[in-house]
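A.B. asks: start37.txt is reproduced in full below (compact mmCIF, C-alpha atoms).
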```txt
# COMPACT_ATOMS: atom_id res chain seq x y z
CA MET A 14 41.54 -71.37 9.13
CA THR A 15 38.82 -71.74 11.75
CA PRO A 16 35.09 -71.87 10.93
CA THR A 17 34.68 -68.38 12.37
CA ASP A 18 37.42 -67.10 10.05
CA ASP A 19 35.57 -68.61 7.10
CA VAL A 20 32.33 -66.88 8.06
CA ASP A 21 34.13 -63.55 8.53
CA HIS A 22 35.64 -64.05 5.09
CA LEU A 23 32.15 -64.66 3.74
CA ALA A 24 31.00 -61.39 5.28
CA ASP A 25 33.87 -59.55 3.59
CA GLU A 26 32.98 -61.14 0.28
CA LEU A 27 29.33 -60.18 0.63
CA SER A 28 30.26 -56.59 1.39
CA ALA A 29 32.72 -56.45 -1.48
CA GLN A 30 30.22 -57.84 -3.96
CA VAL A 31 27.49 -55.32 -3.10
CA VAL A 32 28.19 -52.15 -5.08
CA ASP A 33 25.53 -49.45 -5.18
CA PRO A 34 24.73 -48.80 -8.85
CA TRP A 35 23.86 -45.18 -8.05
CA ALA A 36 27.38 -44.62 -6.73
CA ARG A 37 28.84 -45.96 -9.97
CA HIS A 38 26.40 -44.72 -12.58
CA GLY A 39 24.40 -41.92 -10.94
CA TRP A 40 26.55 -39.34 -12.72
CA LEU A 41 24.91 -40.38 -16.00
CA LEU A 42 21.57 -39.09 -14.73
CA ALA A 43 23.29 -35.92 -13.58
CA ALA A 44 24.89 -35.52 -17.02
CA VAL A 45 21.54 -35.78 -18.80
CA TRP A 46 20.21 -32.73 -16.97
CA LEU A 47 23.14 -30.64 -18.24
CA VAL A 48 21.15 -30.18 -21.43
CA PHE A 49 19.24 -27.40 -19.60
CA LEU A 50 22.42 -25.32 -19.64
CA LEU A 51 21.60 -24.68 -23.28
CA PHE A 52 19.15 -22.00 -22.07
CA PRO A 53 21.77 -19.81 -20.34
CA ALA A 54 24.12 -20.53 -23.26
CA ASN A 55 21.47 -19.20 -25.65
CA GLU A 56 20.98 -16.18 -23.39
CA VAL A 57 24.72 -15.48 -23.58
CA ALA A 58 24.51 -15.61 -27.39
CA GLN A 59 21.61 -13.16 -27.42
CA GLN A 60 23.24 -10.71 -25.03
CA THR A 61 26.64 -10.68 -26.76
CA THR A 62 25.77 -10.38 -30.47
CA ASP A 63 28.38 -7.66 -30.97
CA ARG A 64 30.88 -8.91 -28.35
CA PRO A 65 32.42 -12.19 -29.58
CA VAL A 66 35.09 -12.25 -26.88
CA VAL A 67 32.53 -11.89 -24.09
CA ARG A 68 30.39 -14.53 -25.79
CA LEU A 69 33.29 -17.01 -25.76
CA LEU A 70 33.97 -16.10 -22.14
CA GLY A 71 30.33 -16.73 -21.20
CA TRP A 72 30.22 -20.07 -23.00
CA GLY A 73 33.52 -21.02 -21.37
CA LEU A 74 32.10 -20.24 -17.93
CA ILE A 75 29.02 -22.37 -18.64
CA LEU A 76 31.23 -25.23 -19.84
CA ALA A 77 33.41 -24.91 -16.72
CA PHE A 78 30.24 -24.87 -14.59
CA ALA A 79 29.07 -28.12 -16.22
CA LEU A 80 32.43 -29.87 -15.78
CA VAL A 81 32.77 -28.83 -12.15
CA TYR A 82 29.22 -29.93 -11.44
CA LEU A 83 29.78 -33.32 -13.05
CA LEU A 84 33.11 -33.98 -11.32
CA ALA A 85 31.80 -32.79 -7.97
CA PHE A 86 28.74 -35.02 -8.36
CA ILE A 87 30.88 -38.08 -9.12
CA GLN A 88 33.26 -37.52 -6.20
CA SER A 89 30.49 -36.72 -3.74
CA GLN A 90 28.54 -39.85 -4.69
CA MET A 91 31.59 -41.91 -3.79
CA GLY A 92 31.49 -40.25 -0.39
CA VAL A 93 27.75 -40.67 0.13
CA HIS A 94 27.72 -44.34 -0.87
CA GLY A 95 31.20 -45.22 0.33
CA CYS A 96 33.33 -43.22 2.73
CA TRP A 97 34.16 -39.54 2.93
CA THR A 98 37.77 -38.59 2.27
CA THR A 99 39.31 -35.12 2.31
CA ARG A 100 39.40 -35.10 -1.48
CA ARG A 101 35.71 -35.95 -1.77
CA ARG A 102 34.72 -33.31 0.75
CA VAL A 103 36.77 -30.73 -1.14
CA TRP A 104 34.97 -31.63 -4.35
CA ALA A 105 31.52 -31.61 -2.70
CA PHE A 106 31.88 -28.19 -1.07
CA GLY A 107 34.62 -26.67 -3.22
CA GLY A 108 32.79 -27.66 -6.40
CA PHE A 109 29.66 -25.98 -5.08
CA ALA A 110 31.65 -22.80 -4.37
CA GLY A 111 33.21 -22.94 -7.84
CA MET A 112 29.78 -23.20 -9.43
CA VAL A 113 28.60 -20.16 -7.43
CA ALA A 114 31.69 -18.26 -8.58
CA ALA A 115 30.95 -19.13 -12.22
CA MET A 116 27.37 -17.90 -11.83
CA ALA A 117 28.55 -14.66 -10.23
CA THR A 118 30.94 -14.08 -13.13
CA LEU A 119 28.12 -14.67 -15.62
CA TRP A 120 25.86 -12.17 -13.84
CA PRO A 121 27.12 -9.10 -15.73
CA ILE A 122 26.51 -10.93 -18.99
CA ILE A 123 23.02 -12.43 -18.64
CA GLY A 124 21.73 -10.89 -15.40
CA LEU A 125 19.26 -12.75 -13.19
CA GLU A 126 18.90 -15.50 -15.79
CA ILE A 127 21.89 -17.10 -14.07
CA PHE A 128 19.51 -18.32 -11.38
CA GLY A 129 18.18 -20.82 -13.89
CA MET A 130 21.46 -22.59 -13.11
CA SER A 131 20.78 -22.70 -9.36
CA ALA A 132 18.88 -25.96 -9.82
CA PHE A 133 22.27 -27.64 -10.26
CA LEU A 134 23.41 -26.17 -6.94
CA ALA A 135 20.35 -27.64 -5.23
CA SER A 136 20.92 -31.00 -6.93
CA LEU A 137 24.55 -31.19 -5.79
CA ALA A 138 23.62 -30.25 -2.22
CA ALA A 139 20.73 -32.76 -2.10
CA PHE A 140 22.51 -35.72 -3.61
CA GLY A 141 26.16 -35.03 -2.90
CA TRP A 142 26.62 -33.35 0.48
CA PRO A 143 27.03 -35.33 3.70
CA ARG A 144 23.73 -36.23 5.33
CA GLY A 145 23.82 -33.52 8.00
CA TRP A 146 24.53 -30.80 5.44
CA SER A 147 22.27 -31.70 2.51
CA VAL A 148 19.01 -30.22 3.86
CA GLY A 149 20.75 -27.03 4.90
CA GLY A 150 22.37 -26.80 1.47
CA VAL A 151 19.06 -27.05 -0.37
CA VAL A 152 17.38 -24.54 1.94
CA GLY A 153 20.38 -22.23 1.59
CA VAL A 154 20.13 -22.32 -2.20
CA GLY A 155 16.44 -21.45 -2.07
CA VAL A 156 16.81 -18.67 0.52
CA GLY A 157 19.86 -17.19 -1.19
CA THR A 158 18.18 -17.19 -4.57
CA ALA A 159 15.04 -15.59 -3.14
CA LEU A 160 16.99 -12.86 -1.32
CA VAL A 161 19.06 -11.93 -4.35
CA ILE A 162 16.04 -11.83 -6.66
CA ALA A 163 13.97 -9.87 -4.12
CA VAL A 164 16.73 -7.28 -3.65
CA THR A 165 17.56 -6.84 -7.32
CA ASP A 166 14.17 -7.33 -8.99
CA ASP A 167 10.50 -8.16 -8.51
CA LEU A 168 10.23 -11.66 -7.01
CA SER A 169 6.70 -12.09 -8.39
CA ASN A 170 8.03 -11.86 -11.95
CA LEU A 171 10.91 -14.30 -11.49
CA TRP A 172 9.42 -16.85 -9.07
CA PRO A 173 10.01 -19.79 -11.51
CA LEU A 174 13.74 -19.23 -11.00
CA LEU A 175 13.13 -19.94 -7.30
CA PHE A 176 10.55 -22.69 -7.71
CA ILE A 177 12.68 -24.95 -9.96
CA PRO A 178 15.72 -25.32 -7.64
CA MET A 179 13.49 -25.89 -4.61
CA LEU A 180 11.51 -28.52 -6.52
CA ILE A 181 14.64 -30.33 -7.66
CA GLY A 182 16.27 -30.00 -4.24
CA GLY A 183 13.21 -31.35 -2.44
CA PHE A 184 12.87 -34.22 -4.89
CA GLY A 185 16.57 -34.98 -4.48
CA LEU A 186 16.31 -35.11 -0.69
CA LEU A 187 13.29 -37.41 -0.88
CA LEU A 188 14.96 -39.71 -3.38
CA ARG A 189 18.12 -39.80 -1.31
CA ARG A 190 16.15 -40.73 1.80
CA LEU A 191 14.54 -43.60 -0.11
CA MET A 192 17.91 -44.79 -1.40
CA GLU A 193 19.41 -44.67 2.09
CA GLY A 194 16.47 -46.75 3.35
CA ASP A 195 17.19 -49.34 0.65
CA GLU A 196 20.86 -49.36 1.61
CA ARG A 197 20.00 -49.95 5.27
CA ARG A 198 17.66 -52.76 4.28
CA GLU A 199 20.34 -54.38 2.12
CA GLU A 200 22.89 -54.01 4.91
CA LEU A 201 20.47 -55.67 7.31
CA GLN A 202 19.94 -58.51 4.84
CA ARG A 203 23.71 -58.99 4.54
CA THR A 204 24.03 -59.01 8.33
CA LEU A 205 21.25 -61.57 8.64
CA ALA A 206 22.85 -63.70 5.93
CA VAL A 207 26.16 -63.71 7.80
CA ALA A 208 24.41 -64.47 11.10
CA SER A 209 22.52 -67.33 9.46
CA GLU A 210 25.76 -68.69 8.05
CA ARG A 211 27.41 -68.47 11.47
CA ASP A 212 24.52 -70.43 12.96
CA ARG A 213 24.73 -73.04 10.22
CA VAL A 214 28.47 -73.51 10.67
CA ALA A 215 28.18 -73.66 14.45
CA ARG A 216 25.32 -76.17 14.28
CA ASP A 217 26.98 -78.39 11.68
CA VAL A 218 30.38 -78.30 13.36
CA HIS A 219 28.76 -79.28 16.64
CA ASP A 220 26.95 -82.18 14.98
CA VAL A 221 30.04 -83.40 13.14
CA LEU A 222 32.58 -82.96 15.93
CA GLY A 223 30.25 -84.02 18.73
CA HIS A 224 29.53 -87.35 17.10
CA SER A 225 33.08 -87.98 15.83
CA LEU A 226 34.84 -87.10 19.08
CA THR A 227 32.42 -89.23 21.06
CA VAL A 228 33.18 -92.24 18.86
CA VAL A 229 36.93 -91.50 18.97
CA SER A 230 36.81 -91.38 22.77
CA LEU A 231 34.99 -94.72 22.94
CA LYS A 232 37.41 -96.38 20.53
CA ALA A 233 40.40 -94.96 22.41
CA ASP A 234 39.08 -96.43 25.67
CA LEU A 235 38.50 -99.75 23.95
CA ALA A 236 42.00 -99.75 22.43
CA GLU A 237 43.50 -98.98 25.82
CA ARG A 238 41.76 -101.98 27.36
CA LEU A 239 42.80 -104.24 24.50
CA VAL A 240 46.42 -103.16 24.11
CA ASP A 241 47.72 -105.90 26.45
CA ARG A 242 44.96 -108.48 26.00
CA ASP A 243 44.49 -108.33 22.21
CA PRO A 244 47.19 -106.20 20.55
CA GLU A 245 45.96 -106.89 17.02
CA ARG A 246 42.45 -105.69 17.75
CA ALA A 247 43.89 -102.70 19.60
CA LYS A 248 45.85 -101.82 16.46
CA ALA A 249 42.67 -102.13 14.43
CA GLU A 250 40.87 -99.76 16.79
CA ILE A 251 43.75 -97.26 16.57
CA ALA A 252 43.63 -97.49 12.78
CA ALA A 253 39.89 -96.86 12.94
CA ILE A 254 40.53 -93.79 15.11
CA ARG A 255 43.00 -92.48 12.56
CA SER A 256 40.53 -93.04 9.72
CA LEU A 257 37.72 -91.43 11.67
CA THR A 258 39.74 -88.31 12.50
CA ARG A 259 40.70 -87.87 8.85
CA GLN A 260 37.07 -88.30 7.82
CA SER A 261 35.98 -85.79 10.45
CA LEU A 262 38.52 -83.26 9.22
CA ALA A 263 37.19 -83.62 5.68
CA GLU A 264 33.62 -83.25 6.96
CA ILE A 265 34.53 -80.08 8.85
CA ARG A 266 36.05 -78.54 5.73
CA ALA A 267 33.01 -79.51 3.67
CA THR A 268 30.65 -78.21 6.36
CA VAL A 269 32.36 -74.81 6.47
CA SER A 270 32.16 -74.50 2.70
CA GLY A 271 28.50 -75.58 2.74
CA LEU A 272 29.11 -78.64 0.57
CA ARG A 273 28.50 -81.46 3.05
CA VAL A 274 25.62 -83.82 2.32
CA THR A 275 24.78 -86.40 4.96
CA ARG A 276 23.58 -89.77 3.67
CA LEU A 277 21.12 -91.78 5.73
CA SER A 278 22.71 -95.10 4.81
CA ASP A 279 26.12 -93.91 6.01
CA GLU A 280 24.68 -92.57 9.28
CA ARG A 281 22.80 -95.83 9.85
CA ASP A 282 25.99 -97.87 9.53
CA ALA A 283 27.97 -95.41 11.66
CA ALA A 284 25.31 -95.44 14.39
CA ILE A 285 25.26 -99.24 14.57
CA ALA A 286 29.06 -99.38 14.77
CA ALA A 287 29.36 -96.62 17.40
CA LEU A 288 26.62 -97.99 19.64
CA GLY A 289 28.01 -101.49 19.31
CA ASP A 290 31.48 -100.32 20.33
CA ALA A 291 29.91 -98.75 23.42
CA GLY A 292 28.22 -102.02 24.35
CA ILE A 293 24.72 -100.77 23.57
CA GLU A 294 22.41 -103.17 21.77
CA VAL A 295 20.58 -101.45 18.97
CA SER A 296 17.70 -102.39 16.71
CA MET A 297 17.43 -100.38 13.52
CA PRO A 298 15.53 -100.80 10.23
CA ASP A 299 17.40 -102.00 7.16
CA ASP A 300 15.15 -100.28 4.64
CA ILE A 301 16.00 -96.61 4.13
CA ASP A 302 13.94 -96.35 0.94
CA ILE A 303 10.81 -95.96 3.03
CA VAL A 304 12.01 -92.50 4.07
CA ASP A 305 10.87 -89.69 1.78
CA PRO A 306 13.91 -88.74 -0.35
CA ALA A 307 13.20 -85.07 0.40
CA HIS A 308 13.73 -85.78 4.12
CA ARG A 309 16.61 -88.25 4.11
CA ILE A 310 19.33 -85.67 4.70
CA THR A 311 17.41 -84.17 7.63
CA ILE A 312 16.66 -87.62 9.09
CA ALA A 313 20.35 -88.50 8.75
CA TRP A 314 21.36 -85.41 10.76
CA VAL A 315 18.80 -86.23 13.42
CA LEU A 316 20.01 -89.83 13.66
CA ARG A 317 23.60 -88.62 14.09
CA GLU A 318 22.67 -86.23 16.90
CA ALA A 319 20.41 -88.79 18.60
CA THR A 320 23.18 -91.40 18.48
CA THR A 321 25.64 -88.93 19.98
CA ASN A 322 23.26 -88.17 22.85
CA VAL A 323 22.72 -91.88 23.57
CA LEU A 324 26.46 -92.46 23.63
CA ARG A 325 27.26 -89.44 25.79
CA HIS A 326 24.47 -89.11 28.26
CA SER A 327 22.12 -92.08 28.43
CA GLY A 328 24.09 -94.92 30.02
CA ALA A 329 21.62 -97.13 28.16
CA GLN A 330 21.88 -100.84 27.49
CA HIS A 331 19.50 -100.92 24.56
CA ALA A 332 18.32 -98.46 21.92
CA ASP A 333 15.55 -98.76 19.36
CA VAL A 334 15.54 -96.76 16.14
CA SER A 335 12.60 -96.64 13.76
CA TRP A 336 11.59 -94.40 10.90
CA GLY A 337 8.89 -93.80 8.34
CA PRO A 338 8.37 -91.54 5.31
CA THR A 339 8.30 -88.35 7.38
CA TRP A 340 9.38 -89.30 10.90
CA LEU A 341 12.17 -90.74 13.03
CA GLU A 342 12.03 -92.11 16.56
CA VAL A 343 14.95 -93.08 18.81
CA THR A 344 14.21 -94.68 22.19
CA ASP A 345 16.61 -95.90 24.86
CA ASP A 346 16.42 -97.37 28.37
CA GLY A 347 18.95 -95.04 29.96
CA ARG A 348 18.88 -92.34 32.62
CA GLY A 349 16.39 -90.07 30.88
CA LEU A 350 16.26 -86.28 31.09
CA ARG A 351 15.47 -86.07 34.81
CA GLY A 352 14.72 -82.37 34.58
CA ARG A 353 17.96 -81.46 32.86
CA ARG A 354 18.00 -78.61 30.38
CA GLU A 355 18.49 -79.40 26.73
CA GLY A 356 22.05 -78.97 25.50
CA HIS A 357 23.41 -77.26 22.41
CA GLY A 358 22.89 -80.38 20.34
CA LEU A 359 19.13 -80.54 20.80
CA THR A 360 18.85 -76.77 20.48
CA GLY A 361 20.70 -76.86 17.17
CA LEU A 362 18.54 -79.79 16.09
CA ARG A 363 15.36 -77.82 16.80
CA GLU A 364 16.70 -74.92 14.74
CA ARG A 365 17.59 -77.22 11.86
CA LEU A 366 14.11 -78.79 11.93
CA ALA A 367 12.38 -75.42 12.19
CA ARG A 368 13.98 -74.41 8.90
CA VAL A 369 12.24 -77.29 7.11
CA GLY A 370 8.97 -77.12 9.05
CA GLY A 371 9.70 -80.11 11.30
CA THR A 372 9.08 -80.65 15.01
CA LEU A 373 11.05 -82.34 17.77
CA ASP A 374 9.56 -84.02 20.85
CA VAL A 375 11.64 -85.40 23.72
CA SER A 376 9.99 -87.46 26.44
CA GLU A 377 10.50 -90.56 28.59
CA GLY A 378 11.40 -93.76 26.77
CA ASN A 379 11.77 -97.37 27.86
CA PRO A 380 12.31 -97.72 31.64
CA GLY A 381 15.56 -99.48 32.48
CA PRO A 382 17.86 -100.17 35.41
CA ARG A 383 19.26 -96.62 35.32
CA GLY A 384 16.13 -94.57 34.77
CA PRO A 385 13.05 -93.89 32.72
CA GLY A 386 14.89 -93.73 29.42
CA THR A 387 14.51 -91.17 26.65
CA ARG A 388 12.31 -91.02 23.56
CA LEU A 389 13.21 -88.60 20.78
CA ARG A 390 10.73 -88.21 17.94
CA VAL A 391 10.98 -86.01 14.87
CA ASP A 392 8.08 -85.31 12.52
CA LEU A 393 8.56 -83.61 9.16
CA PRO A 394 5.95 -82.13 6.84
```
Can you dump the structure from the file as structure tokens?
C.D. replies:
Amino acid sequence: MTPTDDVDHLADELSAQVVDPWARHGWLLAAVWLVFLLFPANEVAQQTTDRPVVRLLGWGLILAFALVYLLAFIQSQMGVHGCWTTRRRVWAFGGFAGMVAAMATLWPIIGLEIFGMSAFLASLAAFGWPRGWSVGGVVGVGVGTALVIAVTDDLSNLWPLLFIPMLIGGFGLLLRRLMEGDERREELQRTLAVASERDRVARDVHDVLGHSLTVVSLKADLAERLVDRDPERAKAEIAAIRSLTRQSLAEIRATVSGLRVTRLSDERDAAIAALGDAGIEVSMPDDIDIVDPAHRITIAWVLREATTNVLRHSGAQHADVSWGPTWLEVTDDGRGLRGRREGHGLTGLRERLARVGGTLDVSEGNPGPRGPGTRLRVDLP
């Protein structure tokens, strides 16, 4: 599995772990409001005192209305907060139509009091219809209710039956807009988290592989020169290459999983060995305890990248390394920058330092036979 595959897998895991609680439990809030159906149920009881069969029919219609509303709300929320399927669309729109049919059937029993149930129509349209339809659904409920009441009775006497569904529908649309804004924000945060992880993996893989492959190349060249002159030492160099490649593979796996911790003492020893194999004299402090423990991992990464750059690009004969509690400086007598643009290594190093509030300065170092040299200095807070 490549590092990119691991990051893509992380993105899938992040998406799978984020489940909107409203999509899972929003129906509980919808169920609570069903208590208001007791009012039309009481109206049915009052209007059918001498008609028990009609009373049972009316109560049955109200119960069916409640069940359809609840099921339609659950299915539509899965569409709003997940993906719309044919089944969910059927429930969202078909459930709405079924609720209207139940209200129309109740009309002969309780009259215009059925419009007290229209608030549930507005709620389903506001919360459960696809985004492009929800506003139209709420407006349609309000206009339809107003037209029917105006045609059949005096609107001024029954305006609360119009006001309540419009209030609930408007509140539902506003709340849905706020929830959608939160979802977009969370999606953006997940995207940024994945992007940050990609950058981390790319930066760490570059640092690990860049250094390791540079040392492997140097040791391979050395082994090739020694194979006829000093076979035993050539074998030792080949064994070192094998050990280094295995170590690098382990570091790559740990880097991808975010578990790698670089130790300054290890990087110090590795830098001395690598520079020595390349024929570069190096002076480096023995005392690592002077470095602030909070900064040792960062200093270790910087030392690794600086060593890689000296090996690859400088052509230096001598390098000086020094450090203090919150700083590191690496100076060589090689070619110097000579107007060249910074490579991916220094760019990644700047990004790593920026995350901990550090700064990087690259300038001319100790003049030598090949150029003005390079000085790399890092300061940490």
A.B. asks: For the atom pair CA of Ile123 (chain A) and CA of Gly157 (chain A), what is the interatomic distance in Å to one decimal place?
C.D. replies: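 Computing the Euclidean distance for CA of Ile123 (chain A) and CA of Gly157 (chain A) yields 18.4 Å.
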A.B. asks: Between A:Leu51, A:Val369, A:Ile310, A:Ala139, which one has atoms that come closest to Leu188 (chain A), using all atoms listed in the file?
C.D. replies: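 For Leu188 (chain A), the nearest of the given residues is A:Ala139.
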A.B. asks: Would you mind reading off the distance between CA of Leu50 (chain A) and CA of Leu125 (chain A), one decimal, in Å?
C.D. replies: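 CA of Leu125 (chain A) lies 14.5 Å from CA of Leu50 (chain A).
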A.B. asks: Give me the residues near region 298-305 of chain A as a count of residues only, where near means some atom within 10 Å (using all atoms listed in the file) and where sequence neighbours in that chain fewer than 3 positions away do not count.
C.D. replies: 18
A.B. asks: Residues near Ala105 (chain A), anyone? I mean within 8 Å using only C-alpha atoms, not counting same-chain ones fewer than 4 positions away, as a ChimeraX atom specification.
C.D. replies: /A:85-86,88-89,101,109,137,141-142
A.B. asks: Which residues come within 9 Å of region 54-70 of chain A, counting only C-alpha atoms, excluding same-chain residues fewer than 6 positions away, as a PyMOL selection string?
C.D. replies: chain A and resi 119+122-123+126
A.B. asks: From the list A:Ala307, A:Leu80, A:Ala163, A:Ala247, which residue is nearest Phe133 (chain A) when using all atoms listed in the file?
C.D. replies: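 Distance minimum relative to Phe133 (chain A) lands on A:Leu80.
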A.B. asks: To one decimal place, how far is CA of Gly145 (chain A) from CA of Trp104 (chain A) in Å?
C.D. replies: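 Going from CA of Gly145 (chain A) over to CA of Trp104 (chain A) covers 16.7 Å.
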A.B. asks: Determine the nearest neighbour of Lys232 (chain A) from the options A:Leu288, A:Met192, A:Leu389, A:Leu134, counting only C-alpha atoms.
C.D. replies: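 For Lys232 (chain A), the nearest of the candidates is A:Leu288.
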A.B. asks: Could you give me, as a PyMOL selection string, the residues within 7 Å of Val81 (chain A), counting all atoms listed in the file and dropping anything in the same chain fewer than 3 positions from it?
C.D. replies: chain A and resi 77-78+84-85+108+112
A.B. asks: Could you check which of A:Gly347, A:Gly328, A:Pro143, A:Gly289 is closest to Cys96 (chain A), using only C-alpha atoms?
C.D. replies: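 Smallest separation from Cys96 (chain A) among the options: A:Pro143.
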A.B. asks: As JSON, please: the centre and edge lengths in Å, to one decimal, of an axis-aligned box enclosing every listed atom of region 311-330 of chain A with 4 Å added on each side.
C.D. replies:
```
{"center_x": 22.0, "center_y": -92.5, "center_z": 18.8, "size_x": 18.6, "size_y": 24.7, "size_z": 30.4}
```
A.B. asks: Kindly indicate which residue among A:Leu175, A:Val295, A:Ala132, A:Val148 lies nearest to Leu187 (chain A), using only C-alpha atoms for the distances.
C.D. replies: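 Using only C-alpha atoms, the shortest distance to Leu187 (chain A) belongs to A:Val148.
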A.B. asks: Looking at all atoms listed in the file, which of A:Arg102, A:His331, A:Arg388, A:Arg255 is the one that sits closest to Ala291 (chain A)?
C.D. replies: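 Closest to Ala291 (chain A), using all atoms listed in the file: A:His331.
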A.B. asks: Give me, as a PyMOL selection string, all polymer residues having an atom no more than 10 Å from Leu373 (chain A), counting all atoms listed in the file and skipping those fewer than 6 positions away in the same chain.
C.D. replies: chain A and resi 315+340-342+359-360+362-364+366-367+389-393
